Amino acid sequence: MKINLKAKPFNLNDDDIKWVENTLGTMTEEEKIAQLFCLIAYSSEENYLDYLSCGLKIGGIMCRTMPAQEVVKTVSRLQERSKIPMLISANLEAGGNGVAFEGTRMGCEMAVSATGDSAFAQKLGDLCGKEGSVLGINWAFAPIADIDFNFRNPITNTRTFGANPSQVSENSVAYIQAIQKYGVAAAAKHFPGDGVDERDQHLVSAVNTFSCKEWDETYGQVYKKCIEAGVMTIMAGHIMLPSYSQALNPSLKDEDVLPATLSPEIITGLLKEKLGFNGLVITDSTTMAGLAMAMDRRLAVPRTIAAGCDMFLFTKNLEEDFAYMKEGVKNGTITQERLDDAVTKILALKAALKLHKKNNIPSLEAALKTLSAPESKNLALECADRAITLVKNKQELLPVSPQKYKRVLFYCIESGEGQMGYGISKEANQHFMQKLRDQGFEVTEFKPKEGFEGMMASSEEYKKNYDLIIYSANMATKSNQTIVRIEWCQPMGANVPVYINSIPTIFISLENPYHLLDVPRVKTYINTYGSSDIILDKLIEKLMGKSEFKGKSPVDAFCGKWDTHL
């Protein structure tokens, strides 16, 4: 499929096209293969960075979250040493905190969507573009254009704009248009769309079971709008779409259907030809089991490019994966035409971002000034104020005050952040309790007592000692888990909300919006979509009636169950 470099999303002029063609013409085959790789940086360790930029001469890198000083050093070292400017990416999903610890976390996508105003998605794109670009980031692995159809999915959840395709589409477009004005390419992900399956593609090849018609009317519309808006790149997921794979290739047996990252039907046939996407396609992380389960890695590595992906994200073993890619070119799995096509897309993206014409070295002074801008914190405050949602209010309990409910029994429900947690604040419940105490409440943290049947604390003891019960669940979606559900304490589910008919009870979820599934009869339920101090401060205001609840749930927080409405 011929690339039109003058068309969307590259929009190159004749000089830019000349640079792309001249650069491609001077590259060796090995240099072309190296451009296919987008690897990873955890620090500014110079020997490693020099190996990537001067030794291997890779096409791009992703920065994990580091101190701003480390980010600047990393980017500077890479760009100073690279013969061809590098694509420098980061997960700018919720703010500049996706690349630098000092960056602003405005709010997850679901919080942004809960404001009910797509202007907040545009503000998120502005913030990510401003804070990312000043650190030298030129590529955002965002927005997440998945649709959270299945509340059991453990990885989409609050990272999405919700369950309404139109809302996801509108917010995704607003983010894309905003961030790309800063010279930061957006990457809508995870094509062909996560959120239908309840399994995590980090752990298994996920399946989007929608029919072609259902897909066209949902995910297809989202990606069509993103493409029309000029999204420069799209990230392919390790997600199968059997309906379209077999519609575009009727000879495919069920066992031959592959995840998108390996499927020419999905990447070339559906995305590039049917939807007309002319930009760059990158795989999701190739260390995921969703790719590894599909076929032997020796075959899979080059098959990603042969299928139509233009860049290969991360490696399981650096030397081995490079060898597999070279072997794939040598044996014809990747044709010379496909190799040149992919590298042309990579160079075209760099030209579209003007990396070949500007100084790509960030300034730490400018970065720190931007990252500490008061207006960024104000934006996070505004988002929290507009997003926090009173999902269920059956007992007219609110507002609460120390005068009415002095003695509070506080139930902490936690899950560990893990190595790949998405934005969870591990100390949030402790901070929340202290903020309540600062307002004059006497807060006692619940600790389960020993004893089974006949030996438990009496109900009358609880009614005598406490005026109010507050549950606070701090359980975030994260990679490499299979559920985001409450695991109750021993003995005998000691912390289950059994006093809802005798002691006023509020259940607050700081992260996962679907906990009503496990506490269906709770009469007052709140979703905050985050656990930062900014969000907790706004939550306290709303609990005490100093601010009204304004959020509108972007998903069915009742999980389709009749008893959650009771």
# chains A, B, ... in the order shown; residues from 1 in each chain; ligands from 1

call {"tool": "closest_atom_pairs", "arguments": {"of": "range 213-280 of chain A", "to": "range 127-143 of chain A", "cutoff": "9 Å", "atoms": "only C-alpha atoms", "output": "Markdown table"}}
result
| residue | atom | partner | partner_atom | distance |
| --- | --- | --- | --- | --- |
| A:Thr233 | CA | A:Phe141 | CA | 8.9 |
| A:Ile234 | CA | A:Phe141 | CA | 8.7 |
| A:Met235 | CA | A:Phe141 | CA | 7.7 |

call {"tool": "write_last_selection", "arguments": {"atoms": "C-alpha atoms", "output": "mmCIF file, in the first residue's frame"}}
result
data_model
loop_
_atom_site.group_PDB
_atom_site.id
_atom_site.type_symbol
_atom_site.label_atom_id
_atom_site.label_comp_id
_atom_site.auth_asym_id
_atom_site.auth_seq_id
_atom_site.Cartn_x
_atom_site.Cartn_y
_atom_site.Cartn_z
ATOM 1 C CA THR A 233 0.048 6.818 15.178
ATOM 2 C CA ILE A 234 -2.014 3.869 16.380
ATOM 3 C CA MET A 235 -0.895 1.177 18.802
#

call {"tool": "closest_atom_pairs", "arguments": {"of": "range 191-300 of chain A", "to": "range 38-60 of chain A", "cutoff": "10 Å", "atoms": "only C-alpha atoms", "output": "CSV"}}
result
residue,atom,partner,partner_atom,distance
A:Ile282,CA,A:Cys38,CA,8.8
A:Thr283,CA,A:Cys38,CA,9.6
A:Ser285,CA,A:Leu39,CA,9.4

call {"tool": "write_last_selection", "arguments": {"atoms": "all heavy atoms", "output": "JSON list (two decimals), in the first residue's frame"}}
result
[["chain", "number", "residue", "atom", "x", "y", "z"],
["A", 282, "ILE", "N", 2.37, 1.01, 15.67],
["A", 282, "ILE", "CA", 3.35, 0.38, 16.57],
["A", 282, "ILE", "C", 2.66, -0.73, 17.34],
["A", 282, "ILE", "O", 1.46, -0.63, 17.65],
["A", 282, "ILE", "CB", 3.98, 1.41, 17.53],
["A", 282, "ILE", "CG1", 5.06, 0.75, 18.40],
["A", 282, "ILE", "CG2", 2.93, 2.10, 18.39],
["A", 282, "ILE", "CD1", 5.93, 1.71, 19.19],
["A", 283, "THR", "N", 3.39, -1.80, 17.63],
["A", 283, "THR", "CA", 2.83, -2.86, 18.46],
["A", 283, "THR", "C", 2.72, -2.37, 19.90],
["A", 283, "THR", "O", 3.41, -1.43, 20.30],
["A", 283, "THR", "CB", 3.73, -4.10, 18.47],
["A", 283, "THR", "OG1", 4.93, -3.82, 19.21],
["A", 283, "THR", "CG2", 4.09, -4.55, 17.07],
["A", 285, "SER", "N", 3.52, -3.58, 23.85],
["A", 285, "SER", "CA", 4.72, -4.25, 24.37],
["A", 285, "SER", "C", 4.78, -5.70, 23.90],
["A", 285, "SER", "O", 3.86, -6.48, 24.13],
["A", 285, "SER", "CB", 4.72, -4.20, 25.89],
["A", 285, "SER", "OG", 5.72, -5.07, 26.40]]

call {"tool": "closest_residue", "arguments": {"among": "A:Met86, A:Ile266, A:Ala229, A:Ile388", "to": "Gly530 in chain A", "atoms": "only C-alpha atoms"}}
result
A:Ile388

call {"tool": "residues_around", "arguments": {"residues": "Val408 in chain A", "least_positions_apart": "6", "cutoff": "8 Å", "atoms": "only C-alpha atoms", "output": "PyMOL selection string"}}
result
chain A and resi 441-444+466-470

call {"tool": "write_last_selection", "arguments": {"atoms": "C-alpha atoms", "output": "mmCIF file, in the first residue's frame"}}
result
data_model
loop_
_atom_site.group_PDB
_atom_site.id
_atom_site.type_symbol
_atom_site.label_atom_id
_atom_site.label_comp_id
_atom_site.auth_asym_id
_atom_site.auth_seq_id
_atom_site.Cartn_x
_atom_site.Cartn_y
_atom_site.Cartn_z
ATOM 1 C CA PHE A 441 -14.137 13.472 63.384
ATOM 2 C CA GLU A 442 -12.966 10.780 65.807
ATOM 3 C CA VAL A 443 -11.792 8.076 63.410
ATOM 4 C CA THR A 444 -11.092 4.488 64.410
ATOM 5 C CA TYR A 466 -19.950 4.393 66.300
ATOM 6 C CA ASP A 467 -22.152 7.002 64.617
ATOM 7 C CA LEU A 468 -20.945 6.461 61.055
ATOM 8 C CA ILE A 469 -19.135 3.807 59.012
ATOM 9 C CA ILE A 470 -16.954 4.796 56.080
#

call {"tool": "residues_around", "arguments": {"residues": "Asp537 in chain A", "least_positions_apart": "2", "cutoff": "10 Å", "atoms": "only C-alpha atoms", "output": "NGL selection string"}}
result
:A and (381 or 384-385 or 431-432 or 435-436 or 532-535 or 539-542)

call {"tool": "write_last_selection", "arguments": {"atoms": "all heavy atoms", "output": "short mmCIF file (atom, residue, chain, number, x, y, z; two decimals), in the first residue's frame"}}
result
data_model
loop_
_atom_site.label_atom_id
_atom_site.label_comp_id
_atom_site.auth_asym_id
_atom_site.auth_seq_id
_atom_site.Cartn_x
_atom_site.Cartn_y
_atom_site.Cartn_z
N LEU A 381 -7.33 20.21 40.30
CA LEU A 381 -8.38 20.51 41.28
C LEU A 381 -9.74 20.64 40.60
O LEU A 381 -10.75 20.11 41.08
CB LEU A 381 -8.05 21.80 42.02
CG LEU A 381 -6.98 21.73 43.10
CD1 LEU A 381 -6.50 23.13 43.47
CD2 LEU A 381 -7.51 21.01 44.34
N ALA A 384 -10.99 17.17 39.48
CA ALA A 384 -11.49 16.40 40.61
C ALA A 384 -12.85 16.91 41.07
O ALA A 384 -13.77 16.12 41.35
CB ALA A 384 -10.50 16.46 41.76
N ASP A 385 -12.99 18.22 41.12
CA ASP A 385 -14.24 18.83 41.56
C ASP A 385 -15.41 18.44 40.65
O ASP A 385 -16.51 18.16 41.12
CB ASP A 385 -14.09 20.34 41.61
CG ASP A 385 -15.36 21.04 42.08
OD1 ASP A 385 -15.84 20.70 43.17
OD2 ASP A 385 -15.87 21.90 41.34
N HIS A 431 -4.09 8.87 54.53
CA HIS A 431 -4.26 10.31 54.33
C HIS A 431 -5.73 10.70 54.51
O HIS A 431 -6.04 11.74 55.11
CB HIS A 431 -3.79 10.72 52.94
CG HIS A 431 -2.32 10.59 52.74
ND1 HIS A 431 -1.70 10.91 51.56
CD2 HIS A 431 -1.33 10.20 53.57
CE1 HIS A 431 -0.40 10.71 51.67
NE2 HIS A 431 -0.16 10.27 52.88
N PHE A 432 -6.61 9.87 53.99
CA PHE A 432 -8.05 10.15 54.08
C PHE A 432 -8.48 10.19 55.54
O PHE A 432 -9.19 11.11 55.99
CB PHE A 432 -8.80 9.07 53.30
CG PHE A 432 -10.28 9.30 53.14
CD1 PHE A 432 -10.88 10.52 53.45
CD2 PHE A 432 -11.10 8.28 52.67
CE1 PHE A 432 -12.24 10.72 53.29
CE2 PHE A 432 -12.46 8.46 52.51
CZ PHE A 432 -13.04 9.68 52.83
N LYS A 435 -7.32 13.36 57.18
CA LYS A 435 -8.09 14.53 56.74
C LYS A 435 -9.43 14.59 57.46
O LYS A 435 -9.93 15.68 57.78
CB LYS A 435 -8.27 14.49 55.21
CG LYS A 435 -6.98 14.76 54.45
CD LYS A 435 -7.19 14.60 52.93
CE LYS A 435 -5.87 14.69 52.18
NZ LYS A 435 -5.23 16.02 52.26
N LEU A 436 -10.03 13.43 57.70
CA LEU A 436 -11.28 13.40 58.47
C LEU A 436 -11.04 13.85 59.91
O LEU A 436 -11.83 14.61 60.49
CB LEU A 436 -11.87 11.99 58.45
CG LEU A 436 -12.48 11.53 57.13
CD1 LEU A 436 -12.77 10.03 57.16
CD2 LEU A 436 -13.76 12.30 56.81
N SER A 532 -5.37 10.68 44.75
CA SER A 532 -4.40 11.72 45.09
C SER A 532 -4.92 12.60 46.22
O SER A 532 -6.13 12.62 46.52
CB SER A 532 -4.11 12.60 43.87
OG SER A 532 -5.25 13.38 43.54
N ASP A 533 -4.02 13.34 46.84
CA ASP A 533 -4.42 14.27 47.90
C ASP A 533 -5.40 15.32 47.38
O ASP A 533 -6.31 15.76 48.10
CB ASP A 533 -3.20 14.95 48.51
CG ASP A 533 -2.63 14.17 49.69
OD1 ASP A 533 -3.26 13.18 50.11
OD2 ASP A 533 -1.56 14.54 50.19
N ILE A 534 -5.20 15.73 46.14
CA ILE A 534 -6.11 16.71 45.54
C ILE A 534 -7.53 16.16 45.49
O ILE A 534 -8.50 16.84 45.85
CB ILE A 534 -5.62 17.09 44.11
CG1 ILE A 534 -4.43 18.04 44.20
CG2 ILE A 534 -6.75 17.69 43.28
CD1 ILE A 534 -3.79 18.37 42.87
N ILE A 535 -7.65 14.91 45.08
CA ILE A 535 -8.97 14.28 45.00
C ILE A 535 -9.56 14.09 46.40
O ILE A 535 -10.75 14.34 46.63
CB ILE A 535 -8.87 12.93 44.25
CG1 ILE A 535 -8.58 13.19 42.76
CG2 ILE A 535 -10.14 12.10 44.41
CD1 ILE A 535 -8.24 11.96 41.97
N LEU A 539 -13.02 15.43 47.88
CA LEU A 539 -13.98 14.46 48.43
C LEU A 539 -14.47 14.90 49.80
O LEU A 539 -15.68 14.86 50.08
CB LEU A 539 -13.31 13.09 48.51
CG LEU A 539 -14.10 11.98 49.22
CD1 LEU A 539 -15.41 11.69 48.50
CD2 LEU A 539 -13.26 10.72 49.32
N ILE A 540 -13.56 15.34 50.66
CA ILE A 540 -13.94 15.82 52.00
C ILE A 540 -14.92 16.98 51.88
O ILE A 540 -15.93 17.05 52.60
CB ILE A 540 -12.68 16.25 52.80
CG1 ILE A 540 -11.78 15.06 53.11
CG2 ILE A 540 -13.08 16.99 54.07
CD1 ILE A 540 -12.29 14.14 54.19
N GLU A 541 -14.62 17.91 50.99
CA GLU A 541 -15.51 19.05 50.78
C GLU A 541 -16.93 18.59 50.44
O GLU A 541 -17.92 19.11 50.96
CB GLU A 541 -15.00 19.95 49.65
CG GLU A 541 -13.77 20.76 49.98
CD GLU A 541 -13.35 21.65 48.82
OE1 GLU A 541 -14.15 21.77 47.85
OE2 GLU A 541 -12.24 22.21 48.86
N LYS A 542 -17.03 17.60 49.56
CA LYS A 542 -18.33 17.14 49.11
C LYS A 542 -19.06 16.34 50.18
O LYS A 542 -20.28 16.46 50.35
CB LYS A 542 -18.17 16.33 47.81
CG LYS A 542 -17.68 17.20 46.65
CD LYS A 542 -17.45 16.43 45.38
CE LYS A 542 -16.78 17.29 44.32
NZ LYS A 542 -17.53 18.52 43.97
#

call {"tool": "atom_distance", "arguments": {"atom1": "CA of Val168 in chain A", "atom2": "CA of Ala90 in chain A"}}
result
21.1 Å

call {"tool": "closest_residue", "arguments": {"among": "A:Ala111, A:Asp563, A:Pro264, A:Asn317", "to": "Thr528 in chain A", "atoms": "only C-alpha atoms"}}
result
A:Ala111

call {"tool": "select_by_dssp", "arguments": {"residues": "range 292-425 of chain A", "states": "strand (DSSP E)", "output": "compact mmCIF listing (two decimals) with N, CA and C atoms, in the first residue's frame"}}
result
# COMPACT_ATOMS: atom_id res chain seq x y z
N PHE A 312 8.28 -1.97 16.49
CA PHE A 312 8.25 -3.10 17.40
C PHE A 312 8.61 -2.59 18.79
N LEU A 313 7.65 -2.66 19.73
CA LEU A 313 7.82 -2.04 21.04
C LEU A 313 8.44 -3.00 22.05
N THR A 389 -18.25 11.45 41.71
CA THR A 389 -19.63 11.10 41.39
C THR A 389 -20.35 10.44 42.56
N LEU A 390 -21.47 11.00 42.92
CA LEU A 390 -22.36 10.37 43.90
C LEU A 390 -23.25 9.40 43.11
N VAL A 391 -22.85 8.15 43.10
CA VAL A 391 -23.53 7.14 42.28
C VAL A 391 -24.86 6.73 42.89
N LYS A 392 -24.88 6.58 44.19
CA LYS A 392 -26.07 6.06 44.87
C LYS A 392 -26.29 6.83 46.16
N ASN A 393 -27.52 7.32 46.36
CA ASN A 393 -27.82 8.15 47.54
C ASN A 393 -29.22 7.81 48.02
N ARG A 407 -18.25 9.92 65.82
CA ARG A 407 -17.43 8.71 65.94
C ARG A 407 -17.53 7.87 64.66
N VAL A 408 -16.42 7.80 63.95
CA VAL A 408 -16.39 7.13 62.64
C VAL A 408 -15.57 5.85 62.72
N LEU A 409 -16.15 4.76 62.25
CA LEU A 409 -15.41 3.50 62.08
C LEU A 409 -15.00 3.43 60.61
N PHE A 410 -13.70 3.36 60.38
CA PHE A 410 -13.16 3.48 59.02
C PHE A 410 -12.62 2.11 58.57
N TYR A 411 -13.15 1.62 57.46
CA TYR A 411 -12.71 0.34 56.89
C TYR A 411 -11.79 0.62 55.69
N CYS A 412 -10.53 0.24 55.82
CA CYS A 412 -9.58 0.37 54.71
C CYS A 412 -9.61 -0.89 53.86
N ILE A 413 -9.81 -0.72 52.58
CA ILE A 413 -9.71 -1.84 51.64
C ILE A 413 -8.62 -1.50 50.66
N GLU A 414 -7.58 -2.29 50.64
CA GLU A 414 -6.39 -1.97 49.86
C GLU A 414 -6.03 -3.10 48.91

call {"tool": "closest_residue", "arguments": {"among": "A:Thr160, A:Leu5, A:Pro402, A:Ile267", "to": "Lys18 in chain A", "atoms": "only C-alpha atoms"}}
result
A:Leu5

call {"tool": "select_by_dssp", "arguments": {"residues": "range 57-234 of chain A", "states": "alpha helix (DSSP H)", "output": "PyMOL selection string"}}
result
chain A and resi 68-81+109-114+119-134+165-179+212-217+219-228

call {"tool": "residues_around", "arguments": {"residues": "Ser372 in chain A", "least_positions_apart": "5", "cutoff": "9 Å", "atoms": "only C-alpha atoms", "output": "PDB file with N, CA, C and O atoms, in the first residue's frame"}}
result
ATOM      1  N   GLU A 102       7.687  14.764  38.915  1.00  0.00           N
ATOM      2  CA  GLU A 102       7.245  16.127  39.210  1.00  0.00           C
ATOM      3  C   GLU A 102       6.080  16.568  38.318  1.00  0.00           C
ATOM      4  O   GLU A 102       5.518  17.640  38.520  1.00  0.00           O
ATOM      5  N   GLY A 103       5.738  15.756  37.341  1.00  0.00           N
ATOM      6  CA  GLY A 103       4.662  16.114  36.424  1.00  0.00           C
ATOM      7  C   GLY A 103       3.302  16.109  37.099  1.00  0.00           C
ATOM      8  O   GLY A 103       3.091  15.484  38.140  1.00  0.00           O
ATOM      9  N   THR A 104       2.361  16.793  36.505  1.00  0.00           N
ATOM     10  CA  THR A 104       1.011  16.919  37.053  1.00  0.00           C
ATOM     11  C   THR A 104       0.141  15.752  36.621  1.00  0.00           C
ATOM     12  O   THR A 104       0.073  15.429  35.437  1.00  0.00           O
ATOM     13  N   ALA A 367      11.965  22.910  32.046  1.00  0.00           N
ATOM     14  CA  ALA A 367      11.099  21.795  32.426  1.00  0.00           C
ATOM     15  C   ALA A 367      10.565  21.963  33.842  1.00  0.00           C
ATOM     16  O   ALA A 367       9.365  21.835  34.089  1.00  0.00           O
ATOM     17  N   LYS A 377      -1.819  22.561  38.696  1.00  0.00           N
ATOM     18  CA  LYS A 377      -2.470  22.050  39.898  1.00  0.00           C
ATOM     19  C   LYS A 377      -3.931  22.478  39.937  1.00  0.00           C
ATOM     20  O   LYS A 377      -4.814  21.702  40.327  1.00  0.00           O
TER      21      LYS A 377
END

call {"tool": "residues_around", "arguments": {"residues": "Ile483 in chain A", "least_positions_apart": "3", "cutoff": "9 Å", "atoms": "only C-alpha atoms", "output": "ChimeraX atom specification"}}
result
/A:152-155,198-199,477

call {"tool": "atom_distance", "arguments": {"atom1": "CA of Phe161 in chain A", "atom2": "CA of Met475 in chain A"}}
result
18.6 Å

call {"tool": "residues_around", "arguments": {"residues": "Thr333 in chain A", "least_positions_apart": "5", "cutoff": "12 Å", "atoms": "only C-alpha atoms", "output": "list in words"}}
result
Arg298, Leu299, Ala300, Val301, Pro302, Arg303, Thr304, Ile305, Ala306, Ala307, Gly308, Tyr324, Met325, Lys326, Glu327, Gly328, Arg338 and Leu339 of chain A

call {"tool": "write_last_selection", "arguments": {"atoms": "all heavy atoms", "output": "CSV table (one decimal), in the first residue's frame"}}
result
chain,number,residue,atom,x,y,z
A,298,ARG,N,10.6,-16.7,17.5
A,298,ARG,CA,11.4,-16.6,16.3
A,298,ARG,C,10.6,-16.2,15.1
A,298,ARG,O,11.0,-15.4,14.2
A,298,ARG,CB,12.1,-17.9,16.1
A,298,ARG,CG,13.2,-17.8,15.0
A,298,ARG,CD,14.0,-19.1,15.0
A,298,ARG,NE,15.2,-19.0,14.1
A,298,ARG,CZ,16.2,-19.9,14.2
A,298,ARG,NH1,16.1,-20.9,15.0
A,298,ARG,NH2,17.2,-19.7,13.4
A,299,LEU,N,9.3,-16.7,15.1
A,299,LEU,CA,8.4,-16.4,14.0
A,299,LEU,C,7.7,-15.1,14.2
A,299,LEU,O,7.4,-14.3,13.3
A,299,LEU,CB,7.4,-17.5,13.8
A,299,LEU,CG,8.0,-18.9,13.5
A,299,LEU,CD1,6.9,-19.9,13.4
A,299,LEU,CD2,8.7,-18.9,12.1
A,300,ALA,N,7.3,-14.9,15.5
A,300,ALA,CA,6.5,-13.8,15.9
A,300,ALA,C,7.1,-12.4,15.6
A,300,ALA,O,6.5,-11.4,15.2
A,300,ALA,CB,6.0,-13.9,17.3
A,301,VAL,N,8.4,-12.3,16.0
A,301,VAL,CA,9.1,-11.0,15.9
A,301,VAL,C,9.0,-10.4,14.5
A,301,VAL,O,8.5,-9.3,14.3
A,301,VAL,CB,10.6,-11.1,16.4
A,301,VAL,CG1,11.3,-9.8,16.1
A,301,VAL,CG2,10.6,-11.4,17.9
A,302,PRO,N,9.4,-11.1,13.5
A,302,PRO,CA,9.3,-10.5,12.1
A,302,PRO,C,7.9,-10.5,11.6
A,302,PRO,O,7.5,-9.6,10.8
A,302,PRO,CB,10.2,-11.4,11.2
A,302,PRO,CG,10.3,-12.7,11.9
A,302,PRO,CD,10.2,-12.4,13.4
A,303,ARG,N,7.0,-11.4,12.1
A,303,ARG,CA,5.6,-11.4,11.6
A,303,ARG,C,4.9,-10.1,12.0
A,303,ARG,O,4.0,-9.7,11.3
A,303,ARG,CB,4.9,-12.6,12.2
A,303,ARG,CG,5.2,-13.9,11.5
A,303,ARG,CD,4.5,-14.0,10.1
A,303,ARG,NE,3.0,-14.0,10.2
A,303,ARG,CZ,2.3,-15.1,10.3
A,303,ARG,NH1,2.9,-16.3,10.3
A,303,ARG,NH2,1.0,-15.0,10.3
A,304,THR,N,5.3,-9.4,13.1
A,304,THR,CA,4.6,-8.2,13.4
A,304,THR,C,4.8,-7.2,12.3
A,304,THR,O,3.8,-6.5,12.0
A,304,THR,CB,5.2,-7.6,14.8
A,304,THR,OG1,6.6,-7.4,14.6
A,304,THR,CG2,4.9,-8.6,15.9
A,305,ILE,N,6.0,-7.1,11.8
A,305,ILE,CA,6.3,-6.1,10.7
A,305,ILE,C,5.6,-6.6,9.4
A,305,ILE,O,5.0,-5.8,8.7
A,305,ILE,CB,7.8,-5.9,10.6
A,305,ILE,CG1,8.4,-5.5,11.9
A,305,ILE,CG2,8.0,-4.8,9.5
A,305,ILE,CD1,7.9,-4.2,12.5
A,306,ALA,N,5.7,-7.9,9.2
A,306,ALA,CA,5.1,-8.4,7.9
A,306,ALA,C,3.6,-8.2,7.9
A,306,ALA,O,3.0,-8.0,6.9
A,306,ALA,CB,5.4,-9.9,7.8
A,307,ALA,N,3.0,-8.2,9.1
A,307,ALA,CA,1.5,-8.0,9.2
A,307,ALA,C,1.1,-6.6,8.9
A,307,ALA,O,-0.1,-6.4,8.6
A,307,ALA,CB,1.0,-8.5,10.6
A,308,GLY,N,2.0,-5.7,9.0
A,308,GLY,CA,1.7,-4.3,8.8
A,308,GLY,C,2.1,-3.3,9.9
A,308,GLY,O,2.0,-2.1,9.7
A,324,TYR,N,16.3,-12.2,15.5
A,324,TYR,CA,15.1,-12.8,14.9
A,324,TYR,C,14.5,-11.8,13.8
A,324,TYR,O,14.1,-12.3,12.7
A,324,TYR,CB,14.0,-12.9,15.9
A,324,TYR,CG,14.2,-14.1,16.9
A,324,TYR,CD1,13.5,-14.1,18.1
A,324,TYR,CD2,15.0,-15.2,16.6
A,324,TYR,CE1,13.7,-15.2,19.0
A,324,TYR,CE2,15.2,-16.2,17.5
A,324,TYR,CZ,14.5,-16.2,18.7
A,324,TYR,OH,14.7,-17.2,19.6
A,325,MET,N,14.6,-10.5,14.0
A,325,MET,CA,14.2,-9.5,13.0
A,325,MET,C,15.0,-9.6,11.8
A,325,MET,O,14.5,-9.6,10.7
A,325,MET,CB,14.1,-8.1,13.6
A,325,MET,CG,13.3,-7.1,12.8
A,325,MET,SD,11.5,-7.4,12.9
A,325,MET,CE,11.1,-6.7,14.5
A,326,LYS,N,16.4,-9.6,12.0
A,326,LYS,CA,17.3,-9.7,10.9
A,326,LYS,C,17.0,-11.0,10.1
A,326,LYS,O,17.0,-11.0,8.8
A,326,LYS,CB,18.7,-9.7,11.4
A,326,LYS,CG,19.1,-8.4,11.9
A,326,LYS,CD,20.6,-8.4,12.5
A,326,LYS,CE,21.0,-7.1,13.1
A,326,LYS,NZ,22.3,-7.2,13.8
A,327,GLU,N,16.8,-12.1,10.8
A,327,GLU,CA,16.5,-13.4,10.1
A,327,GLU,C,15.3,-13.3,9.3
A,327,GLU,O,15.2,-13.8,8.2
A,327,GLU,CB,16.4,-14.5,11.1
A,327,GLU,CG,16.2,-15.9,10.6
A,327,GLU,CD,16.1,-16.9,11.7
A,327,GLU,OE1,16.7,-16.8,12.7
A,327,GLU,OE2,15.3,-17.9,11.5
A,328,GLY,N,14.2,-12.6,9.8
A,328,GLY,CA,13.0,-12.4,9.1
A,328,GLY,C,13.1,-11.6,7.8
A,328,GLY,O,12.4,-11.9,6.8
A,338,ARG,N,8.3,-4.1,2.2
A,338,ARG,CA,7.6,-3.9,3.5
A,338,ARG,C,8.6,-3.2,4.5
A,338,ARG,O,8.2,-2.3,5.3
A,338,ARG,CB,7.1,-5.2,4.1
A,338,ARG,CG,6.6,-5.2,5.5
A,338,ARG,CD,5.1,-4.7,5.5
A,338,ARG,NE,5.1,-3.2,5.6
A,338,ARG,CZ,5.0,-2.5,6.8
A,338,ARG,NH1,4.9,-3.1,7.9
A,338,ARG,NH2,4.9,-1.2,6.7
A,339,LEU,N,9.9,-3.6,4.5
A,339,LEU,CA,10.9,-3.0,5.3
A,339,LEU,C,11.0,-1.5,5.0
A,339,LEU,O,11.0,-0.6,5.9
A,339,LEU,CB,12.2,-3.7,5.2
A,339,LEU,CG,13.4,-3.1,6.0
A,339,LEU,CD1,13.1,-3.1,7.5
A,339,LEU,CD2,14.7,-3.8,5.6

call {"tool": "atom_distance", "arguments": {"atom1": "CA of Ala34 in chain A", "atom2": "CA of Ala348 in chain A"}}
result
15.9 Å

call {"tool": "closest_residue", "arguments": {"among": "A:Leu379, A:Val329, A:Ala247, A:Leu355", "to": "Lys83 in chain A", "atoms": "only C-alpha atoms"}}
result
A:Leu355
